[in-house]
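Participant: Sharing a structure below in C-alpha cells format, with a few things to ask.
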Amino acid sequence: MSLSGTQRTVILVGAGAMAEGYLRAAQRMGLRVGLVETAARHAELAPRFPCVVDFEPVEGVPARDEAWLPPAMALAGRLAPDAVLGFAEPQVLATAILQHRLGVPGPGLDAAMVSRNKALQRGEFHRAGLPQPGHRHTVRLSDASEWALDRLPVVVKPVALQGSMGVERIDTPEQWQDAVRRRDDEGPLLVECYVEGAEYSVEALVRDGQVLFTNLTRKETTDAPFFVELFHEAGHGAQRPVLRKTADELCRGVVAALGLNTGIAHLEFRARADDDLVIMEVAVRTPGDHILEIISLAHDFDVYEACLRLTLGEQPQLPPADREPIRSAGSLFLGAGRAGVLAALDLTDWAAQEGVVRHAARLAPGATVRPAENSGDRLAYAVLDCPGPTELAALAERLRAIARVEISDDALA
Ligand SMILES: Nc1ncnc2c1ncn2[C@@H]1O[C@H](COP(=O)(O)OP(=O)(O)O)[C@@H](O)[C@H]1O
Ligand SMILES: [Mg+2]
C-alpha cells in the first residue's frame with residue numbers, strides 16, 4: 001500500500017497515444033501516476049497530465065519486452081505503488097512480473113506469458129479443447145513443407161509480433177517455395193490452416209477470473225495476403241444474438257484456459273458462421289486501433305477508468321449485463337491505393353462530417369507508401385460515433401471517398 005495518505009499511486013508501464021485515456025481517468029480519479037516511457041514521450045505527457053508525479057526512462061530497445069522491467073522495478077522501489085498497469089504488447093511481461101512481485105491485481109504471470117507467444121496460445125487452447133486453426137510450430141519453415149503443401153492455403157506468422165507484421169497467406173506451392181526462400185532463416189514460425197470467415201474481436205473486462213463485461217467488435221481488413229485492419233465497429237451484434245452468445249462463450253473459455261485473473265482480454269476470432277468461431281489470437285493488454293475509446297462511446301462508460309479500477313482491486317461501474325450498446329462507434333483507417341511517395345494528404349473535409357469525433361494523419365507527405373502490408377502502412381485514422389450501424393457504415397464510406405490523397409511515382413523511378 002502507498003504511504004502517501006489516501007492518494008493512491010499507479011505505475012503506468014508504457015503510454016503510447018492510446019494510453020491517454022488512462023491518464024485522463026487517473027487525473028479525474030485523483031491518482032498519482034508513475035510513468036515508464038521514453039524521455040521524449042514523458043516530456044510530451046507530463047505538462048498535460050499533472051497526475052504524472054514520477055518517471056523512469058525505458059532502457060534499450062522500447063519494442064522489446066526486456067526494456068521495460070528494470071525501469072518499472074526502479075520506479076516501484078521509489079513509489080510503492082498500489083497498482084501497476086501495462087499499456088501495449090512489449091509492456092505486458094514487465095507489468096505482470098512487477099504485479100506478481102508486488103502482489104497487486106493483474107492478468108497473472110502465466111496468462112501474460114502465454115499471451116505473448118502465439119505458439120504457447122495454440123498449445124493451451126488445444127489442451128482446453130477450444131476451436132482454433134490446425135497448425136504447426138516450426139523452427140525452419142522448410143521443415144513444415146510437407147504439412148503445409150497438403151493443406152494450402154495456409155498462413156505463416158511469427159510467434160511474437162503484432163499488427164499483421166510478418167503474417168502472410170500462402171495459396172500455391174510456388175508461393176510456399178518463395179516463402180521458404182525468403183523466410184527459412186527467420187526463426188520460429190507458426191504455419192496455420194487458413195480459416196475463411198468474417199473477422200471480429202471480443203474485449204472483456206475480467207476480475208478475479210470472472211468476465212464482468214464484453215463488447216463485440218466487427219472488423220474489416222485488407223484482402224489476402226496481409227489482412228491489415230482498416231475498420232473496427234464496436235458495439236456490434238444488436239441483430240445477431242447467436243454470434244454474441246457464441247463469442248461470449250468463446251471468450252469465457254479463453255479466459256479460463258489462460259487462467260486470466262484481472263484485466264482486459266482482447267480476443268480475435270473469425271466466424272465461419274454465427275455459431276462456428278475460430279480463435280485467431282488473444283492479448284491481455286489495451287487493444288490497438290482506438291478500440292477502448294470506441295467501446296466507451298458505444299456502451300456509454302469510461303472503459304479506461306474501469307481498467308484502472310480493476311488494477312486497483314476495485315469493482316468498476318459497468319453497464320448492466322443485459323443492456324444493448326447505445327451507439328455504434330468505429331475507428332476507420334485509410335490505406336494507400338498504390339505504392340509511391342505520399343505527395344499530399346488533405347483531411348480537412350473529414351472535420352466537417354457529423355459523427356467524426358477526431359481524426360489525424362499517421363503518415364506525412366514525403367513518406368514512402370504502399371497498399372497496407374501491416375498496420376504501420378496506414379495513412380490516417382478517424383474515430384467515429386453514430387446512432388447506429390447503418391449510419392456508421394455510411395459515414396465510413398463517405399470518409400474514404402472524400403479524403404484527398406495524392407501519391408506520386410517520383411522516388412520509385
Ligand atoms: N489461420 C488464419 N486463418 C485466416 N486468417 C488468419 C489466420 N491467421 C491470421 N490471419 C489473419 O491475419 C491477421 C493477423 O494475424 P494475427 O494472428 O492476429 O497476428 P497479429 O499479431 O499480427 O495481429 C488476423 O487478424 C487474420 O485476419
Ligand atoms: Mg491480431
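If you're wondering about the labels, chains in the C-alpha cells are A, B, ... by order shown, residues count from 1 in each chain, ligands from 1 in order shown.
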Just asking: which residues within stretch 127-269 of chain A are strand (DSSP E) according to DSSP, as an mmCIF file with N, CA and C atoms, in the first residue's frame?
Facilitator:
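Final file, out.cif:
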```
data_model
loop_
_atom_site.group_PDB
_atom_site.id
_atom_site.type_symbol
_atom_site.label_atom_id
_atom_site.label_comp_id
_atom_site.auth_asym_id
_atom_site.auth_seq_id
_atom_site.Cartn_x
_atom_site.Cartn_y
_atom_site.Cartn_z
ATOM 1 N N HIS A 135 -2.438 -26.334 -36.982
ATOM 2 C CA HIS A 135 -1.198 -25.541 -37.038
ATOM 3 C C HIS A 135 0.029 -26.402 -36.823
ATOM 4 N N ARG A 136 1.158 -25.869 -37.219
ATOM 5 C CA ARG A 136 2.476 -26.433 -36.952
ATOM 6 C C ARG A 136 3.372 -25.313 -36.458
ATOM 7 N N HIS A 137 4.151 -25.579 -35.427
ATOM 8 C CA HIS A 137 5.135 -24.616 -34.936
ATOM 9 C C HIS A 137 6.484 -25.131 -35.410
ATOM 10 N N THR A 138 7.216 -24.317 -36.158
ATOM 11 C CA THR A 138 8.438 -24.835 -36.761
ATOM 12 C C THR A 138 9.592 -23.847 -36.602
ATOM 13 N N VAL A 154 -2.444 -21.737 -46.521
ATOM 14 C CA VAL A 154 -2.021 -21.657 -45.118
ATOM 15 C C VAL A 154 -1.590 -20.225 -44.816
ATOM 16 N N VAL A 155 -1.453 -19.949 -43.532
ATOM 17 C CA VAL A 155 -0.954 -18.643 -43.088
ATOM 18 C C VAL A 155 0.361 -18.876 -42.357
ATOM 19 N N VAL A 156 1.356 -18.058 -42.671
ATOM 20 C CA VAL A 156 2.644 -18.108 -41.964
ATOM 21 C C VAL A 156 2.721 -16.871 -41.083
ATOM 22 N N LYS A 157 3.121 -17.056 -39.828
ATOM 23 C CA LYS A 157 3.205 -15.885 -38.941
ATOM 24 C C LYS A 157 4.271 -16.075 -37.871
ATOM 25 N N PRO A 158 4.894 -14.968 -37.456
ATOM 26 C CA PRO A 158 5.831 -15.018 -36.327
ATOM 27 C C PRO A 158 5.058 -15.290 -35.040
ATOM 28 N N GLU A 168 1.401 -13.706 -43.479
ATOM 29 C CA GLU A 168 1.054 -13.772 -44.905
ATOM 30 C C GLU A 168 0.332 -15.067 -45.230
ATOM 31 N N ARG A 169 -0.584 -14.949 -46.210
ATOM 32 C CA ARG A 169 -1.287 -16.155 -46.659
ATOM 33 C C ARG A 169 -0.555 -16.723 -47.867
ATOM 34 N N ILE A 170 -0.420 -18.029 -47.877
ATOM 35 C CA ILE A 170 0.255 -18.730 -48.968
ATOM 36 C C ILE A 170 -0.787 -19.609 -49.649
ATOM 37 N N LEU A 189 8.404 -20.026 -36.456
ATOM 38 C CA LEU A 189 7.206 -19.505 -37.113
ATOM 39 C C LEU A 189 6.057 -20.459 -36.853
ATOM 40 N N LEU A 190 4.846 -19.893 -36.921
ATOM 41 C CA LEU A 190 3.649 -20.738 -36.915
ATOM 42 C C LEU A 190 3.161 -20.854 -38.350
ATOM 43 N N VAL A 191 2.752 -22.054 -38.730
ATOM 44 C CA VAL A 191 2.078 -22.254 -40.006
ATOM 45 C C VAL A 191 0.686 -22.760 -39.651
ATOM 46 N N GLU A 192 -0.340 -22.098 -40.191
ATOM 47 C CA GLU A 192 -1.712 -22.444 -39.797
ATOM 48 C C GLU A 192 -2.579 -22.678 -41.021
ATOM 49 N N CYS A 193 -3.561 -23.545 -40.887
ATOM 50 C CA CYS A 193 -4.583 -23.663 -41.925
ATOM 51 C C CYS A 193 -5.301 -22.321 -42.018
ATOM 52 N N ALA A 198 -15.574 -13.978 -41.590
ATOM 53 C CA ALA A 198 -15.517 -12.572 -41.191
ATOM 54 C C ALA A 198 -14.767 -12.460 -39.863
ATOM 55 N N GLU A 199 -14.189 -11.295 -39.655
ATOM 56 C CA GLU A 199 -13.290 -11.138 -38.516
ATOM 57 C C GLU A 199 -13.901 -10.240 -37.424
ATOM 58 N N TYR A 200 -13.723 -10.655 -36.184
ATOM 59 C CA TYR A 200 -14.273 -9.941 -35.027
ATOM 60 C C TYR A 200 -13.270 -9.979 -33.893
ATOM 61 N N SER A 201 -13.535 -9.147 -32.884
ATOM 62 C CA SER A 201 -12.849 -9.348 -31.605
ATOM 63 C C SER A 201 -13.859 -9.165 -30.482
ATOM 64 N N VAL A 202 -13.547 -9.791 -29.354
ATOM 65 C CA VAL A 202 -14.289 -9.539 -28.123
ATOM 66 C C VAL A 202 -13.328 -8.879 -27.160
ATOM 67 N N GLU A 203 -13.777 -7.811 -26.542
ATOM 68 C CA GLU A 203 -12.990 -7.205 -25.470
ATOM 69 C C GLU A 203 -13.736 -7.462 -24.172
ATOM 70 N N ALA A 204 -13.033 -8.079 -23.234
ATOM 71 C CA ALA A 204 -13.671 -8.434 -21.970
ATOM 72 C C ALA A 204 -12.946 -7.763 -20.821
ATOM 73 N N LEU A 205 -13.712 -7.353 -19.812
ATOM 74 C CA LEU A 205 -13.134 -6.888 -18.556
ATOM 75 C C LEU A 205 -13.309 -8.016 -17.547
ATOM 76 N N VAL A 206 -12.207 -8.380 -16.917
ATOM 77 C CA VAL A 206 -12.188 -9.580 -16.083
ATOM 78 C C VAL A 206 -11.713 -9.200 -14.685
ATOM 79 N N ARG A 207 -12.406 -9.740 -13.691
ATOM 80 C CA ARG A 207 -11.967 -9.508 -12.303
ATOM 81 C C ARG A 207 -11.957 -10.843 -11.561
ATOM 82 N N GLN A 210 -13.485 -13.684 -13.319
ATOM 83 C CA GLN A 210 -14.889 -13.557 -13.743
ATOM 84 C C GLN A 210 -14.998 -12.509 -14.844
ATOM 85 N N VAL A 211 -15.660 -12.876 -15.954
ATOM 86 C CA VAL A 211 -15.868 -11.913 -17.029
ATOM 87 C C VAL A 211 -17.038 -11.009 -16.636
ATOM 88 N N LEU A 212 -16.728 -9.700 -16.463
ATOM 89 C CA LEU A 212 -17.751 -8.758 -15.983
ATOM 90 C C LEU A 212 -18.456 -8.032 -17.118
ATOM 91 N N PHE A 213 -17.769 -7.885 -18.247
ATOM 92 C CA PHE A 213 -18.305 -7.083 -19.353
ATOM 93 C C PHE A 213 -17.671 -7.582 -20.639
ATOM 94 N N THR A 214 -18.477 -7.631 -21.715
ATOM 95 C CA THR A 214 -17.887 -7.920 -23.029
ATOM 96 C C THR A 214 -18.445 -6.965 -24.071
ATOM 97 N N ASN A 215 -17.625 -6.704 -25.047
ATOM 98 C CA ASN A 215 -18.028 -5.934 -26.229
ATOM 99 C C ASN A 215 -17.621 -6.744 -27.458
ATOM 100 N N LEU A 216 -18.480 -6.688 -28.485
ATOM 101 C CA LEU A 216 -18.137 -7.357 -29.747
ATOM 102 C C LEU A 216 -17.754 -6.295 -30.772
ATOM 103 N N THR A 217 -16.604 -6.468 -31.401
ATOM 104 C CA THR A 217 -16.110 -5.531 -32.426
ATOM 105 C C THR A 217 -16.037 -6.246 -33.769
ATOM 106 N N ARG A 218 -16.686 -5.662 -34.754
ATOM 107 C CA ARG A 218 -16.596 -6.209 -36.129
ATOM 108 C C ARG A 218 -15.455 -5.518 -36.856
ATOM 109 N N LYS A 219 -14.725 -6.268 -37.671
ATOM 110 C CA LYS A 219 -13.559 -5.692 -38.351
ATOM 111 C C LYS A 219 -13.697 -5.788 -39.859
ATOM 112 N N GLU A 220 -13.046 -4.866 -40.525
ATOM 113 C CA GLU A 220 -12.814 -5.029 -41.955
ATOM 114 C C GLU A 220 -11.316 -4.972 -42.156
ATOM 115 N N THR A 221 -10.801 -5.923 -42.921
ATOM 116 C CA THR A 221 -9.355 -5.967 -43.162
ATOM 117 C C THR A 221 -9.101 -5.895 -44.668
ATOM 118 N N GLU A 229 -5.965 -4.466 -40.685
ATOM 119 C CA GLU A 229 -7.268 -3.973 -40.222
ATOM 120 C C GLU A 229 -7.486 -2.517 -40.650
ATOM 121 N N LEU A 230 -8.625 -2.269 -41.292
ATOM 122 C CA LEU A 230 -8.924 -0.915 -41.775
ATOM 123 C C LEU A 230 -10.164 -0.320 -41.119
ATOM 124 N N PHE A 231 -10.933 -1.136 -40.418
ATOM 125 C CA PHE A 231 -12.139 -0.609 -39.783
ATOM 126 C C PHE A 231 -12.539 -1.500 -38.614
ATOM 127 N N HIS A 232 -12.941 -0.852 -37.508
ATOM 128 C CA HIS A 232 -13.463 -1.590 -36.353
ATOM 129 C C HIS A 232 -14.792 -0.965 -35.963
ATOM 130 N N GLU A 233 -15.788 -1.789 -35.738
ATOM 131 C CA GLU A 233 -17.096 -1.303 -35.282
ATOM 132 C C GLU A 233 -17.390 -1.894 -33.913
ATOM 133 N N ALA A 234 -17.367 -1.035 -32.883
ATOM 134 C CA ALA A 234 -17.651 -1.509 -31.522
ATOM 135 C C ALA A 234 -19.159 -1.575 -31.299
ATOM 136 N N GLY A 263 -8.096 -7.946 -15.497
ATOM 137 C CA GLY A 263 -7.639 -7.031 -16.549
ATOM 138 C C GLY A 263 -8.468 -7.182 -17.802
ATOM 139 N N ILE A 264 -7.824 -6.924 -18.942
ATOM 140 C CA ILE A 264 -8.502 -6.960 -20.237
ATOM 141 C C ILE A 264 -8.158 -8.254 -20.963
ATOM 142 N N ALA A 265 -9.149 -8.850 -21.609
ATOM 143 C CA ALA A 265 -8.866 -9.878 -22.621
ATOM 144 C C ALA A 265 -9.314 -9.308 -23.958
ATOM 145 N N HIS A 266 -8.429 -9.362 -24.931
ATOM 146 C CA HIS A 266 -8.750 -8.883 -26.284
ATOM 147 C C HIS A 266 -8.584 -10.095 -27.194
ATOM 148 N N LEU A 267 -9.727 -10.699 -27.532
ATOM 149 C CA LEU A 267 -9.731 -11.981 -28.251
ATOM 150 C C LEU A 267 -10.145 -11.761 -29.697
ATOM 151 N N GLU A 268 -9.288 -12.155 -30.637
ATOM 152 C CA GLU A 268 -9.623 -12.038 -32.062
ATOM 153 C C GLU A 268 -10.041 -13.400 -32.593
ATOM 154 N N PHE A 269 -11.126 -13.400 -33.389
ATOM 155 C CA PHE A 269 -11.558 -14.666 -33.980
ATOM 156 C C PHE A 269 -12.149 -14.432 -35.357
#
```
Participant: Neighbouring residues of ligand 2 are defined here as those with any atom at most 8 Å from a ligand atom, counting only C-alpha atoms and all ligand atoms; list them as a PyMOL selection string.
Facilitator: chain A and resi 162-164+268+280-282
Participant: Among stretch 27-234 of chain A, which ones does DSSP assign to helix (DSSP H, G or I) (computed from the backbone)? Answer as a short mmCIF file (atom, residue, chain, number, x, y, z; two decimals) with C-alpha atoms, in the first residue's frame.
Facilitator:
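part-v8.cif, freshly written:
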```cif
data_model
loop_
_atom_site.label_atom_id
_atom_site.label_comp_id
_atom_site.auth_asym_id
_atom_site.auth_seq_id
_atom_site.Cartn_x
_atom_site.Cartn_y
_atom_site.Cartn_z
CA GLN A 27 -6.38 12.68 -13.38
CA ARG A 28 -10.13 12.64 -12.71
CA MET A 29 -9.78 9.92 -10.07
CA ALA A 39 12.20 10.67 -22.12
CA ALA A 40 10.62 12.26 -25.20
CA ARG A 41 7.18 10.79 -24.54
CA HIS A 42 7.39 11.74 -20.86
CA ALA A 43 8.24 15.32 -21.86
CA GLU A 44 5.09 15.40 -24.02
CA LEU A 45 2.79 13.94 -21.39
CA ALA A 46 3.98 15.47 -18.10
CA PRO A 47 2.84 19.07 -18.81
CA ARG A 48 -0.56 17.86 -19.99
CA ASP A 65 9.91 -6.76 -23.57
CA GLU A 66 13.30 -6.67 -21.82
CA ALA A 67 13.49 -2.87 -21.96
CA LEU A 69 11.31 -4.32 -16.40
CA PRO A 70 14.37 -2.56 -14.92
CA PRO A 71 12.84 0.95 -15.04
CA ALA A 72 9.47 -0.36 -13.83
CA MET A 73 11.23 -2.02 -10.86
CA ALA A 74 13.19 1.15 -10.09
CA LEU A 75 10.03 3.23 -10.11
CA ALA A 76 8.18 0.73 -7.93
CA GLY A 77 11.05 0.93 -5.44
CA ARG A 78 10.56 4.69 -5.19
CA LEU A 79 6.76 4.88 -5.26
CA GLU A 89 2.33 -5.73 -26.07
CA PRO A 90 6.01 -5.01 -25.20
CA GLN A 91 4.94 -3.94 -21.68
CA VAL A 92 2.80 -6.99 -20.84
CA LEU A 93 5.57 -9.15 -19.36
CA ALA A 94 7.34 -6.46 -17.32
CA THR A 95 3.96 -5.40 -15.93
CA ALA A 96 2.98 -8.95 -14.99
CA ILE A 97 6.33 -9.58 -13.29
CA LEU A 98 6.00 -6.39 -11.29
CA GLN A 99 2.37 -7.12 -10.37
CA HIS A 100 3.44 -10.58 -9.24
CA ARG A 101 6.27 -9.24 -7.10
CA LEU A 102 4.10 -6.55 -5.51
CA LEU A 109 2.26 -14.04 -14.89
CA ASP A 110 1.20 -17.23 -16.66
CA ALA A 111 -1.62 -15.59 -18.64
CA ALA A 112 0.73 -12.76 -19.62
CA MET A 113 3.43 -15.19 -20.70
CA VAL A 114 1.08 -17.33 -22.77
CA SER A 115 -0.49 -14.28 -24.38
CA LYS A 118 1.08 -17.38 -30.35
CA ALA A 119 2.57 -20.90 -30.23
CA LEU A 120 2.06 -21.08 -26.44
CA GLN A 121 -1.52 -19.90 -27.03
CA ARG A 122 -2.11 -22.67 -29.57
CA GLY A 123 -0.82 -25.28 -27.12
CA GLU A 124 -3.01 -24.07 -24.28
CA PHE A 125 -6.14 -23.66 -26.41
CA HIS A 126 -5.65 -27.17 -27.79
CA ARG A 127 -5.41 -28.52 -24.26
CA LEU A 141 9.82 -23.02 -42.48
CA SER A 142 11.08 -25.77 -44.82
CA ASP A 143 10.53 -28.36 -42.06
CA ALA A 144 6.78 -27.67 -42.35
CA SER A 145 6.70 -28.02 -46.17
CA GLU A 146 5.00 -31.40 -46.35
CA TRP A 147 2.40 -30.43 -43.76
CA ALA A 148 1.69 -27.07 -45.44
CA LEU A 149 1.58 -28.32 -49.04
CA PRO A 173 3.11 -24.48 -53.94
CA GLU A 174 5.08 -21.79 -55.82
CA GLN A 175 4.25 -19.19 -53.17
CA TRP A 176 5.25 -21.68 -50.48
CA GLN A 177 8.65 -22.22 -52.12
CA ASP A 178 9.06 -18.47 -52.38
CA ALA A 179 8.20 -18.02 -48.69
CA VAL A 180 10.72 -20.74 -47.78
CA ARG A 181 13.38 -18.91 -49.83
CA ARG A 182 12.63 -15.63 -48.08
CA ARG A 183 11.91 -16.81 -44.55
#
```
Participant: Counting only C-alpha atoms and all ligand atoms, which residue out of A:Leu347, A:Ala224, A:Ala393, A:Ala247 sits closest to ligand 1?
Facilitator: A:Ala224
Participant: Which is closest to ligand 1 among A:Pro153, A:Gly335, A:Pro316, A:Pro133, if we use only C-alpha atoms and all ligand atoms?
Facilitator: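 For ligand 1, the nearest of the candidates is A:Pro133.
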Participant: Calculate how many Å separate atom CA of A:Ala361 from atom CA of A:Asp302, rounding to one decimal.
Facilitator: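 Interatomic distance here is 25.2 Å.
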Participant: Which polymer residues have any atom within 8 Å of an atom of A:Val13, counting only C-alpha atoms, with same-chain residues fewer than 3 positions away left out, as a VMD selection string?
Facilitator: chain A and resid 35 to 37 68 72 84 to 87 91 95
Participant: Only N, CA and C atoms, please: the residues just picked out, written as a short mmCIF file (atom, residue, chain, number, x, y, z; two decimals), in the first residue's frame.
Facilitator:
```
data_model
loop_
_atom_site.label_atom_id
_atom_site.label_comp_id
_atom_site.auth_asym_id
_atom_site.auth_seq_id
_atom_site.Cartn_x
_atom_site.Cartn_y
_atom_site.Cartn_z
N LEU A 35 5.36 7.03 -14.38
CA LEU A 35 5.37 6.66 -15.79
C LEU A 35 6.69 6.01 -16.18
N VAL A 36 6.61 4.89 -16.88
CA VAL A 36 7.79 4.33 -17.54
C VAL A 36 7.61 4.56 -19.03
N GLU A 37 8.48 5.36 -19.59
CA GLU A 37 8.36 5.71 -21.02
C GLU A 37 9.70 6.22 -21.52
N TRP A 68 11.58 -2.93 -20.42
CA TRP A 68 10.63 -2.26 -19.53
C TRP A 68 10.73 -2.68 -18.06
N ALA A 72 10.72 -0.19 -14.60
CA ALA A 72 9.47 -0.36 -13.83
C ALA A 72 9.79 -0.76 -12.39
N VAL A 84 -0.30 -1.51 -10.79
CA VAL A 84 0.58 -1.40 -11.96
C VAL A 84 -0.27 -1.73 -13.18
N LEU A 85 -0.21 -0.86 -14.18
CA LEU A 85 -0.99 -1.08 -15.39
C LEU A 85 -0.04 -1.03 -16.58
N GLY A 86 -0.08 -2.09 -17.39
CA GLY A 86 0.76 -2.13 -18.60
C GLY A 86 -0.05 -1.63 -19.78
N PHE A 87 0.62 -1.07 -20.76
CA PHE A 87 -0.10 -0.49 -21.88
C PHE A 87 -0.20 -1.47 -23.06
N GLN A 91 4.95 -4.23 -23.12
CA GLN A 91 4.94 -3.94 -21.68
C GLN A 91 4.22 -5.02 -20.85
N THR A 95 5.07 -5.75 -16.82
CA THR A 95 3.96 -5.40 -15.93
C THR A 95 3.55 -6.60 -15.07
#
```
Participant: Nearest residue to A:Ala19 out of A:Ala257, A:Cys386, A:Cys307, A:Leu363, using only C-alpha atoms?
Facilitator: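 Going through A:Ala257, A:Cys386, A:Cys307, A:Leu363 one by one, the smallest distance to A:Ala19 is for A:Cys307.
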Participant: Using only C-alpha atoms, which residue out of A:Ala238, A:Ala372, A:Ala128, A:Ala306 lies closest to A:Pro389?
Facilitator: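 Checking each of A:Ala238, A:Ala372, A:Ala128, A:Ala306 against A:Pro389, counting only C-alpha atoms, the winner is A:Ala238.
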Participant: If I take atom 24 (C, counted along the ligand's line) of ligand 1 and atom CA of A:Phe227, how far is one from the other in Å, to one decimal?
Facilitator: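 These two atoms are separated by 6.1 Å.
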